[in-house]
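For reference, the structure discussed in these notes is given below.
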Amino acid sequence: MQRLISAVLLCLTTMAAHAGDTRIAVAANFSVPAKRIAEAFERASGHKATLVTGATGKFYAQIVNGAPFEVLLAADDETPAKLEKEGHATGTRFTYAIGRLVLWSASPGLVDIDGAVLKRGTFRHIAVANPRLAPYGQAATETLAALGLAEALRPRFVLGENIAQTHQFVASGNAELGFVALAQVAKDGRIGEGSGWIVPAQLHQPIRQDAVLLARGRDNAAAKAFLEWLKGDDARATIRGFGYDLP
């Protein structure tokens with residue numbers, strides 16, 4: 001028994017000695033699943049993962065200017081590719097999730113399952129993430145353009161800095177409805193509260209969300225381990241459970 005206890009203590013001591021920290025920039029739409037994944041990663045590895053959430057466009061500017069991130073979980077695939085090309089990231093990027101866009105309202109019954117409320121126009125404000133900063137905002141404007149409604153509805157836009165703020169505009173009632181990430185309103189892949197229309201994928205470019213090891217994390221064991229964990233079955237099950245498609 002004493003030998004078993006000693007072996008366990010030795011194992012724990014070894015894990016602690018090799019445990020590291022990593023700072024991860026996470027796209028706002030992925031904040032909740034990232035938290036779940038990070039908690040499981042920390043329990044399994046002994047490493048510490050600190051998450052900072054925000055708009056992918058802003059993260060790009062911060063990383064270029066030396067922000068202390070080792071990993072980026074972006075809301076698109078263009079930003080990680082650009083960072084690689086410019087030497088701010090290593091050649092490790094991969095798609096960890098494919099996002100789904102939803103037109104959502106906190107009010108039950110306001111948004112029908114076909115999104116016809118957009119054509120009826122029975123609302124004053126519609127929340128949209130800033131398309132210059134947020135890929136989900138770009139997908140929203142592409143959707144409205146495909147429906148021939150972009151110009152008609154533009155005066156009613158309430159622009160969020162990122163998808164988290166956009167969701168808050170709708171949840172608080174400052175906008176009657178808005179385009180958000182399905183992951184923000186889904187339970188087991190379905191819309192939980194309020195009412196919503198899951199936007200058909202063919203109405204906008206795929207929201208491929210890529211992860212990448214940044215140049216600052218090149219020699220960071222915790223950062224590398226987190227990215228490997230993100231590819232694993234446990235993380236993928238969490239991602240799928242929040243309504244994302246998998247590559």
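Every chain in the structure tokens takes a letter, A first, then B, and so on in the order presented; its residues are numbered from 1, and the ligands are numbered from 1 following the presented order.
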Contacts of Ala49 of chain A at 10 Å or less, counting only C-alpha atoms, minus same-chain residues fewer than 5 places along, as a PyMOL selection string?
chain A and resi 20-24+35+37-39+41-42+222-223+226
Could you write out that same residue set with N, CA and C atoms as a PDB file, in the first residue's frame?
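As a result, again_14.pdb now contains:
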ATOM      1  N   GLY A  20       2.623  23.444 -17.251  1.00  0.00           N
ATOM      2  CA  GLY A  20       2.916  24.792 -17.737  1.00  0.00           C
ATOM      3  C   GLY A  20       1.648  25.591 -17.882  1.00  0.00           C
ATOM      4  N   ASP A  21       1.805  26.833 -18.282  1.00  0.00           N
ATOM      5  CA  ASP A  21       0.678  27.742 -18.491  1.00  0.00           C
ATOM      6  C   ASP A  21       0.633  28.151 -19.959  1.00  0.00           C
ATOM      7  N   THR A  22      -0.573  28.365 -20.448  1.00  0.00           N
ATOM      8  CA  THR A  22      -0.718  28.922 -21.780  1.00  0.00           C
ATOM      9  C   THR A  22      -1.876  29.904 -21.800  1.00  0.00           C
ATOM     10  N   ARG A  23      -1.712  30.952 -22.562  1.00  0.00           N
ATOM     11  CA  ARG A  23      -2.729  32.007 -22.684  1.00  0.00           C
ATOM     12  C   ARG A  23      -3.343  31.903 -24.073  1.00  0.00           C
ATOM     13  N   ILE A  24      -4.657  31.746 -24.121  1.00  0.00           N
ATOM     14  CA  ILE A  24      -5.352  31.416 -25.366  1.00  0.00           C
ATOM     15  C   ILE A  24      -6.364  32.500 -25.717  1.00  0.00           C
ATOM     16  N   LYS A  35     -14.382  27.037 -22.499  1.00  0.00           N
ATOM     17  CA  LYS A  35     -14.244  26.921 -21.036  1.00  0.00           C
ATOM     18  C   LYS A  35     -14.381  25.460 -20.604  1.00  0.00           C
ATOM     19  N   ILE A  37     -13.857  22.806 -22.455  1.00  0.00           N
ATOM     20  CA  ILE A  37     -12.715  22.054 -22.982  1.00  0.00           C
ATOM     21  C   ILE A  37     -11.469  22.327 -22.154  1.00  0.00           C
ATOM     22  N   ALA A  38     -11.261  23.592 -21.778  1.00  0.00           N
ATOM     23  CA  ALA A  38     -10.082  23.955 -20.983  1.00  0.00           C
ATOM     24  C   ALA A  38     -10.112  23.290 -19.614  1.00  0.00           C
ATOM     25  N   GLU A  39     -11.287  23.222 -19.004  1.00  0.00           N
ATOM     26  CA  GLU A  39     -11.403  22.586 -17.686  1.00  0.00           C
ATOM     27  C   GLU A  39     -11.026  21.110 -17.766  1.00  0.00           C
ATOM     28  N   PHE A  41      -9.161  19.718 -20.081  1.00  0.00           N
ATOM     29  CA  PHE A  41      -7.734  19.680 -20.426  1.00  0.00           C
ATOM     30  C   PHE A  41      -6.864  19.851 -19.182  1.00  0.00           C
ATOM     31  N   GLU A  42      -7.230  20.793 -18.329  1.00  0.00           N
ATOM     32  CA  GLU A  42      -6.453  21.042 -17.114  1.00  0.00           C
ATOM     33  C   GLU A  42      -6.494  19.834 -16.176  1.00  0.00           C
ATOM     34  N   ALA A 222       2.562  23.546 -22.906  1.00  0.00           N
ATOM     35  CA  ALA A 222       1.148  23.608 -22.550  1.00  0.00           C
ATOM     36  C   ALA A 222       0.299  24.024 -23.748  1.00  0.00           C
ATOM     37  N   ALA A 223       0.802  24.970 -24.527  1.00  0.00           N
ATOM     38  CA  ALA A 223       0.083  25.440 -25.719  1.00  0.00           C
ATOM     39  C   ALA A 223      -0.058  24.314 -26.734  1.00  0.00           C
ATOM     40  N   PHE A 226      -2.536  21.708 -25.510  1.00  0.00           N
ATOM     41  CA  PHE A 226      -3.928  22.140 -25.623  1.00  0.00           C
ATOM     42  C   PHE A 226      -4.447  21.918 -27.039  1.00  0.00           C
TER      43      PHE A 226
END
DSSP says strand (DSSP E or B) for which residues of segment 164-233 of chain A? Put them as number ranges by chain?
A: 177-181, 186-187, 190-191, 195-198, 207-214
Can you tell me which residues surround segment 92-102 of chain A at a distance of at most 8 Å, considering only C-alpha atoms, apart from same-chain residues fewer than 5 positions away, and format the answer as a PyMOL selection string?
chain A and resi 77+80-81+136+139-140+179-183+196-199+201+206-213+230-231+239+243-247
Writer output for current selection, N, CA and C atoms, as a compact mmCIF listing (two decimals), in the first residue's frame:
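Once written, selection.txt looks like this:
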# COMPACT_ATOMS: atom_id res chain seq x y z
N ASP A 77 -11.16 31.17 -40.86
CA ASP A 77 -9.92 30.50 -41.26
C ASP A 77 -8.94 31.46 -41.92
N PRO A 80 -6.03 33.11 -39.02
CA PRO A 80 -4.88 32.26 -38.74
C PRO A 80 -3.95 32.10 -39.95
N ALA A 81 -4.53 31.99 -41.15
CA ALA A 81 -3.71 31.88 -42.37
C ALA A 81 -2.87 33.14 -42.59
N TYR A 136 -19.01 35.99 -37.99
CA TYR A 136 -20.45 35.74 -37.93
C TYR A 136 -21.23 36.96 -38.44
N ALA A 139 -21.07 36.65 -42.16
CA ALA A 139 -22.03 35.63 -42.60
C ALA A 139 -23.46 36.18 -42.57
N ALA A 140 -23.77 37.00 -41.58
CA ALA A 140 -25.11 37.59 -41.48
C ALA A 140 -25.38 38.53 -42.65
N PHE A 179 -28.69 38.19 -35.51
CA PHE A 179 -27.94 37.03 -35.96
C PHE A 179 -26.85 36.71 -34.95
N VAL A 180 -26.92 35.51 -34.38
CA VAL A 180 -25.93 35.08 -33.39
C VAL A 180 -25.43 33.69 -33.77
N ALA A 181 -24.51 33.19 -32.98
CA ALA A 181 -24.01 31.83 -33.19
C ALA A 181 -24.97 30.84 -32.55
N LEU A 182 -25.24 29.75 -33.25
CA LEU A 182 -26.12 28.72 -32.69
C LEU A 182 -25.62 28.26 -31.33
N ALA A 183 -24.30 28.20 -31.17
CA ALA A 183 -23.72 27.73 -29.91
C ALA A 183 -24.14 28.60 -28.72
N GLY A 196 -36.10 30.95 -33.00
CA GLY A 196 -34.99 31.13 -33.93
C GLY A 196 -35.14 30.38 -35.23
N TRP A 197 -34.33 30.80 -36.17
CA TRP A 197 -34.23 30.18 -37.49
C TRP A 197 -32.77 29.87 -37.74
N ILE A 198 -32.46 28.57 -37.84
CA ILE A 198 -31.09 28.19 -38.15
C ILE A 198 -30.86 28.44 -39.63
N VAL A 199 -29.98 29.35 -39.93
CA VAL A 199 -29.77 29.82 -41.31
C VAL A 199 -29.19 28.68 -42.16
N ALA A 201 -26.95 26.71 -44.52
CA ALA A 201 -25.52 26.94 -44.75
C ALA A 201 -25.22 27.50 -46.12
N PRO A 206 -19.00 29.18 -45.68
CA PRO A 206 -18.83 28.37 -44.48
C PRO A 206 -18.04 29.12 -43.40
N ILE A 207 -18.50 29.01 -42.17
CA ILE A 207 -17.80 29.64 -41.05
C ILE A 207 -16.81 28.63 -40.49
N ARG A 208 -15.71 28.48 -41.18
CA ARG A 208 -14.67 27.54 -40.76
C ARG A 208 -13.82 28.23 -39.70
N GLN A 209 -13.79 27.65 -38.52
CA GLN A 209 -13.07 28.24 -37.41
C GLN A 209 -11.76 27.48 -37.20
N ASP A 210 -10.65 28.17 -37.40
CA ASP A 210 -9.34 27.54 -37.32
C ASP A 210 -8.61 27.88 -36.03
N ALA A 211 -7.83 26.92 -35.57
CA ALA A 211 -6.94 27.12 -34.43
C ALA A 211 -5.51 27.13 -34.94
N VAL A 212 -4.65 27.87 -34.23
CA VAL A 212 -3.25 27.92 -34.66
C VAL A 212 -2.35 28.19 -33.46
N LEU A 213 -1.17 27.60 -33.49
CA LEU A 213 -0.14 27.89 -32.50
C LEU A 213 0.58 29.16 -32.94
N LEU A 230 -7.56 19.61 -28.25
CA LEU A 230 -8.67 20.15 -29.04
C LEU A 230 -9.04 19.24 -30.20
N LYS A 231 -8.08 18.45 -30.67
CA LYS A 231 -8.33 17.52 -31.77
C LYS A 231 -8.93 16.20 -31.30
N ILE A 239 -17.68 20.13 -28.65
CA ILE A 239 -17.93 21.04 -29.77
C ILE A 239 -19.23 20.69 -30.48
N GLY A 243 -23.65 22.57 -30.95
CA GLY A 243 -24.30 22.91 -32.20
C GLY A 243 -23.38 23.21 -33.36
N TYR A 244 -22.07 23.03 -33.17
CA TYR A 244 -21.15 23.22 -34.28
C TYR A 244 -21.10 21.96 -35.14
N ASP A 245 -20.81 22.13 -36.41
CA ASP A 245 -20.46 21.01 -37.26
C ASP A 245 -18.97 20.74 -37.10
N LEU A 246 -18.56 19.52 -37.38
CA LEU A 246 -17.15 19.15 -37.29
C LEU A 246 -16.59 18.98 -38.69
N PRO A 247 -15.32 19.32 -38.87
CA PRO A 247 -14.69 19.16 -40.18
C PRO A 247 -14.51 17.68 -40.53
Taking only C-alpha atoms into account, name the residue in A:Leu118, A:Val64, A:Ala152, A:Val158 that is nearest to Glu86 of chain A.
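Distance minimum relative to Glu86 of chain A lands on A:Val64.
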Using DSSP on the backbone, list every residue of segment 25-216 of chain A that comes out as alpha helix (DSSP H), and give them as number ranges by chain.
A: 31-45, 56-64, 78-85, 117-120, 135-146, 150-153, 163-171, 182-185
Output C-alpha atoms for every residue in that selection, as an mmCIF file, in the first residue's frame.
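Written output follows (result_32.cif):
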data_model
loop_
_atom_site.group_PDB
_atom_site.id
_atom_site.type_symbol
_atom_site.label_atom_id
_atom_site.label_comp_id
_atom_site.auth_asym_id
_atom_site.auth_seq_id
_atom_site.Cartn_x
_atom_site.Cartn_y
_atom_site.Cartn_z
ATOM 1 C CA SER A 31 -16.278 31.104 -25.191
ATOM 2 C CA VAL A 32 -18.539 28.597 -23.404
ATOM 3 C CA PRO A 33 -17.363 25.397 -25.129
ATOM 4 C CA ALA A 34 -13.755 26.610 -24.800
ATOM 5 C CA LYS A 35 -14.244 26.921 -21.036
ATOM 6 C CA ARG A 36 -15.560 23.355 -20.835
ATOM 7 C CA ILE A 37 -12.715 22.054 -22.982
ATOM 8 C CA ALA A 38 -10.082 23.955 -20.983
ATOM 9 C CA GLU A 39 -11.403 22.586 -17.686
ATOM 10 C CA ALA A 40 -11.187 19.002 -18.966
ATOM 11 C CA PHE A 41 -7.734 19.680 -20.426
ATOM 12 C CA GLU A 42 -6.453 21.042 -17.114
ATOM 13 C CA ARG A 43 -7.777 18.044 -15.181
ATOM 14 C CA ALA A 44 -6.183 15.590 -17.585
ATOM 15 C CA SER A 45 -2.841 17.307 -18.187
ATOM 16 C CA THR A 56 -11.131 37.721 -34.041
ATOM 17 C CA GLY A 57 -10.361 40.963 -35.896
ATOM 18 C CA LYS A 58 -9.220 42.640 -32.699
ATOM 19 C CA PHE A 59 -7.140 39.639 -31.711
ATOM 20 C CA TYR A 60 -5.306 39.881 -35.011
ATOM 21 C CA ALA A 61 -4.293 43.473 -34.297
ATOM 22 C CA GLN A 62 -3.253 42.604 -30.737
ATOM 23 C CA ILE A 63 -1.163 39.606 -31.802
ATOM 24 C CA VAL A 64 0.620 41.585 -34.504
ATOM 25 C CA GLU A 78 -8.539 33.637 -42.875
ATOM 26 C CA THR A 79 -7.023 35.246 -39.772
ATOM 27 C CA PRO A 80 -4.875 32.256 -38.744
ATOM 28 C CA ALA A 81 -3.707 31.876 -42.368
ATOM 29 C CA LYS A 82 -2.784 35.549 -42.480
ATOM 30 C CA LEU A 83 -0.879 35.316 -39.198
ATOM 31 C CA GLU A 84 1.055 32.331 -40.539
ATOM 32 C CA LYS A 85 1.908 34.150 -43.754
ATOM 33 C CA VAL A 117 -39.951 37.590 -40.180
ATOM 34 C CA LEU A 118 -37.087 39.275 -42.063
ATOM 35 C CA LYS A 119 -39.344 39.946 -45.042
ATOM 36 C CA ARG A 120 -42.289 41.017 -42.924
ATOM 37 C CA PRO A 135 -16.933 36.427 -39.201
ATOM 38 C CA TYR A 136 -20.448 35.743 -37.926
ATOM 39 C CA GLY A 137 -21.304 39.324 -38.802
ATOM 40 C CA GLN A 138 -19.920 38.775 -42.286
ATOM 41 C CA ALA A 139 -22.029 35.630 -42.601
ATOM 42 C CA ALA A 140 -25.105 37.594 -41.476
ATOM 43 C CA THR A 141 -24.614 40.279 -44.128
ATOM 44 C CA GLU A 142 -24.030 37.598 -46.775
ATOM 45 C CA THR A 143 -27.297 35.956 -45.722
ATOM 46 C CA LEU A 144 -29.248 39.187 -46.011
ATOM 47 C CA ALA A 145 -27.681 39.888 -49.401
ATOM 48 C CA ALA A 146 -28.631 36.420 -50.614
ATOM 49 C CA ALA A 150 -29.422 43.810 -47.062
ATOM 50 C CA GLU A 151 -30.107 47.388 -48.133
ATOM 51 C CA ALA A 152 -33.669 47.459 -46.817
ATOM 52 C CA LEU A 153 -32.666 46.291 -43.341
ATOM 53 C CA ILE A 163 -20.840 38.042 -31.385
ATOM 54 C CA ALA A 164 -21.012 38.070 -27.570
ATOM 55 C CA GLN A 165 -22.116 41.706 -27.513
ATOM 56 C CA THR A 166 -24.518 41.024 -30.376
ATOM 57 C CA HIS A 167 -26.133 38.226 -28.400
ATOM 58 C CA GLN A 168 -26.403 40.536 -25.394
ATOM 59 C CA PHE A 169 -28.263 43.141 -27.476
ATOM 60 C CA VAL A 170 -30.896 40.529 -28.327
ATOM 61 C CA ALA A 171 -31.033 38.852 -24.908
ATOM 62 C CA LEU A 182 -26.117 28.723 -32.690
ATOM 63 C CA ALA A 183 -23.719 27.735 -29.908
ATOM 64 C CA GLN A 184 -24.860 30.746 -27.871
ATOM 65 C CA VAL A 185 -28.517 29.687 -27.777
#
Sorted by chain and rising residue number, which residues of segment 66-176 of chain A lie within 9 Å of segment 190-193 of chain A, and what are their closest atom pairs and distances in Å to one decimal, counting only C-alpha atoms, as a tab-separated table?
residue	atom	partner	partner_atom	distance
A:Trp104	CA	A:Ile191	CA	8.8
A:Ser105	CA	A:Glu193	CA	8.7
A:Ala106	CA	A:Glu193	CA	6.8
A:Ser107	CA	A:Glu193	CA	8.3
A:Pro108	CA	A:Glu193	CA	7.4
